[in-house]
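Comments concern the structure below.
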Amino acid sequence: MNIAVISIGNEVVKGRTVDSNSAEISSFLTSNGFNVAYHIACKDETDEICKSLKFLLDEVDVIITTGGLGPTMDDISIESISKCLRLPLEMNPHAVDILKTKYLSLKLELTEERLKMAKMPLGAEIIENKGGTAPGMFLKYDGKIIFSVPGVPREMRSMLPQILLNMGVSKKAYMSKEIRVNGIMESAIAPLIKEVFDVMNNGINIKSHPESFEFNNPVLIIEFYGYGNSQDDIENRINSTYKEFSQRVKNKFSLSI
């Protein structure tokens, strides 16, 4: 199952807000055995949202949008998805009830702007927002799944377990293992990484992450990661790849890791 994340907001595209949501969503889903294939950021404009959505509907099985679910005039994510898919936009009774309860508990009026957050495409279900107000959305469309969650990180985060519940359990297990290598430049260790990858040929990816300047006391984090049919399967393949890599580092650089 391939997944994409669309981060919606002018503040994200212009760099005012760092898109930590895409990273957190992806990390959560990857650790649960799913494959995230794309991140896209787009403006709060219906045409841009629709272009992103249409492209990804041809590429992935699940799309998660983040941002644009609030009560302000630029919060148009749900409306834009509805227009793009040509689905009628309607008041979701469950969402209305939740908003009524939340605002009445604060002795606040359910204004038109607040009620706007209850509008969903026909056939959509809501995802309760346990960290805030605006409900999220869960929609099945043409064999694909679309989720929409708020842009506020704590609110987005509160919906991740519900997204996972609606997606179901992945058939794959994911694992990542990292080691720290001091004193070897990335350009020097690159051929060795390729050697191990080619020799093992077992589906385990090896990635170097520099943590210092290349020419001055180089420090690398070497990551071994991949998916398996079970936790034991992926763990065995990662450990055998790590062992092979460690031995080759020792032989070539006289360095034990």
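Chains: A, B, ... in order of the structure tokens. Residues: from 1 per chain. Ligands: from 1, in order shown.
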- [ ] Using DSSP on the backbone, list every residue of stretch 147-254 of chain A that comes out as strand (DSSP E), and give them as a PyMOL selection string.
- [x] chain A and resi 147-149+173-182+205-210+219-228
Open item on the list: For stretch 168-179 of chain A, find every residue with an atom within 6 Å (counting only C-alpha atoms), except residues of its own chain fewer than 5 positions away, and show them as a list in words.
Closed with: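 The neighbour list is Ser31, Gly33, Ile221, Ile222, Glu223, Phe224, Tyr225, Gly226, Tyr227, Gly228, Asn229, Ser230 and Gln231 of chain A.
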Generate the output file for the selected residues, N, CA, C and O atoms, as a PDB file, in the first residue's frame.
```
ATOM      1  N   SER A  31       6.763   3.222  10.507  1.00  0.00           N
ATOM      2  CA  SER A  31       7.041   2.338  11.640  1.00  0.00           C
ATOM      3  C   SER A  31       5.963   1.268  11.801  1.00  0.00           C
ATOM      4  O   SER A  31       6.194   0.238  12.436  1.00  0.00           O
ATOM      5  N   GLY A  33       4.663  -0.264   9.169  1.00  0.00           N
ATOM      6  CA  GLY A  33       4.759  -1.177   8.032  1.00  0.00           C
ATOM      7  C   GLY A  33       4.228  -0.659   6.710  1.00  0.00           C
ATOM      8  O   GLY A  33       4.133  -1.419   5.747  1.00  0.00           O
ATOM      9  N   ILE A 221      26.204   8.571  10.451  1.00  0.00           N
ATOM     10  CA  ILE A 221      25.239   7.605  10.959  1.00  0.00           C
ATOM     11  C   ILE A 221      24.874   6.728   9.767  1.00  0.00           C
ATOM     12  O   ILE A 221      24.410   7.221   8.738  1.00  0.00           O
ATOM     13  N   ILE A 222      25.116   5.434   9.898  1.00  0.00           N
ATOM     14  CA  ILE A 222      24.775   4.487   8.836  1.00  0.00           C
ATOM     15  C   ILE A 222      23.470   3.806   9.223  1.00  0.00           C
ATOM     16  O   ILE A 222      23.366   3.178  10.281  1.00  0.00           O
ATOM     17  N   GLU A 223      22.487   3.937   8.353  1.00  0.00           N
ATOM     18  CA  GLU A 223      21.158   3.373   8.628  1.00  0.00           C
ATOM     19  C   GLU A 223      20.916   2.147   7.746  1.00  0.00           C
ATOM     20  O   GLU A 223      21.152   2.175   6.540  1.00  0.00           O
ATOM     21  N   PHE A 224      20.443   1.092   8.368  1.00  0.00           N
ATOM     22  CA  PHE A 224      20.025  -0.127   7.667  1.00  0.00           C
ATOM     23  C   PHE A 224      18.508  -0.234   7.859  1.00  0.00           C
ATOM     24  O   PHE A 224      18.032  -0.258   8.990  1.00  0.00           O
ATOM     25  N   TYR A 225      17.752  -0.317   6.772  1.00  0.00           N
ATOM     26  CA  TYR A 225      16.303  -0.334   6.941  1.00  0.00           C
ATOM     27  C   TYR A 225      15.628  -1.105   5.803  1.00  0.00           C
ATOM     28  O   TYR A 225      16.200  -1.280   4.718  1.00  0.00           O
ATOM     29  N   GLY A 226      14.404  -1.550   6.089  1.00  0.00           N
ATOM     30  CA  GLY A 226      13.658  -2.275   5.066  1.00  0.00           C
ATOM     31  C   GLY A 226      12.381  -2.869   5.625  1.00  0.00           C
ATOM     32  O   GLY A 226      12.052  -2.705   6.804  1.00  0.00           O
ATOM     33  N   TYR A 227      11.663  -3.566   4.757  1.00  0.00           N
ATOM     34  CA  TYR A 227      10.397  -4.209   5.115  1.00  0.00           C
ATOM     35  C   TYR A 227      10.554  -5.720   5.015  1.00  0.00           C
ATOM     36  O   TYR A 227      11.356  -6.227   4.214  1.00  0.00           O
ATOM     37  N   GLY A 228       9.778  -6.439   5.817  1.00  0.00           N
ATOM     38  CA  GLY A 228       9.816  -7.892   5.780  1.00  0.00           C
ATOM     39  C   GLY A 228       8.437  -8.485   5.954  1.00  0.00           C
ATOM     40  O   GLY A 228       7.477  -7.791   6.305  1.00  0.00           O
ATOM     41  N   ASN A 229       8.346  -9.785   5.717  1.00  0.00           N
ATOM     42  CA  ASN A 229       7.072 -10.478   5.881  1.00  0.00           C
ATOM     43  C   ASN A 229       6.714 -10.698   7.344  1.00  0.00           C
ATOM     44  O   ASN A 229       5.573 -11.009   7.676  1.00  0.00           O
ATOM     45  N   SER A 230       7.709 -10.554   8.218  1.00  0.00           N
ATOM     46  CA  SER A 230       7.500 -10.657   9.657  1.00  0.00           C
ATOM     47  C   SER A 230       8.615  -9.891  10.338  1.00  0.00           C
ATOM     48  O   SER A 230       9.627  -9.526   9.716  1.00  0.00           O
ATOM     49  N   GLN A 231       8.461  -9.661  11.637  1.00  0.00           N
ATOM     50  CA  GLN A 231       9.503  -8.953  12.383  1.00  0.00           C
ATOM     51  C   GLN A 231      10.787  -9.767  12.420  1.00  0.00           C
ATOM     52  O   GLN A 231      11.895  -9.219  12.309  1.00  0.00           O
TER      53      GLN A 231
END
```
Task: Nearby residues (only C-alpha atoms) at most 8 Å from stretch 45-51 of chain A, same-chain spacing under 2 positions excluded, as a VMD selection string - done: chain A and resid 8 42 to 43 53 to 55 76 to 77 80 to 81 84
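Between atom CA of A:Glu244 and atom CA of A:Val199 lies a distance of 9.2 Å.
Atom pair atom CA of A:Glu214 / atom CA of A:Ile184 has a distance of 8.6 Å (rounded to one decimal).
For stretch 19-27 of chain A, the list of residues within 9 Å, based on only C-alpha atoms and with local chain neighbours fewer than 6 positions off taken out, reads A:Ile3, A:Ala4, A:Val5, A:Ile6, A:Ser7, A:Val12, A:Val13, A:Phe34, A:Asn35, A:Val36, A:His39, A:Ile40, A:Ala41, A:Ile64, A:Thr66, A:Gly151, A:Val152, A:Pro153, A:Met156, A:Arg157, A:Leu160.
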- [ ] Select from stretch 84-254 of chain A everything DSSP, run on the backbone, classes as alpha helix (DSSP H), then give the selection as a PyMOL selection string.
- [x] chain A and resi 84-85+93-105+112-115+153-167+186-200+231-253
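For the residues A:Ser208, A:Asn202, A:Ser256, A:Ser52, ranking by smallest atom-to-atom distance to A:Asn236 using only C-alpha atoms places A:Asn202 first.
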Open item on the list: When you count only C-alpha atoms, which of these residues is closest to A:Leu192: A:Arg237, A:Lys243, A:Lys140, A:Lys252?
Closed with: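 For A:Leu192, the nearest of the candidates is A:Lys252.
Among the candidate residues A:Leu255, A:Ala190, A:Ala118, A:Leu104, the one lying nearest to A:Ile78 is A:Ala118, with distances computed using only C-alpha atoms.
Checking A:Arg180, A:Lys102, A:Lys107, A:Arg154 one by one against A:Thr133, counting only C-alpha atoms, you find the shortest gap at A:Lys102.
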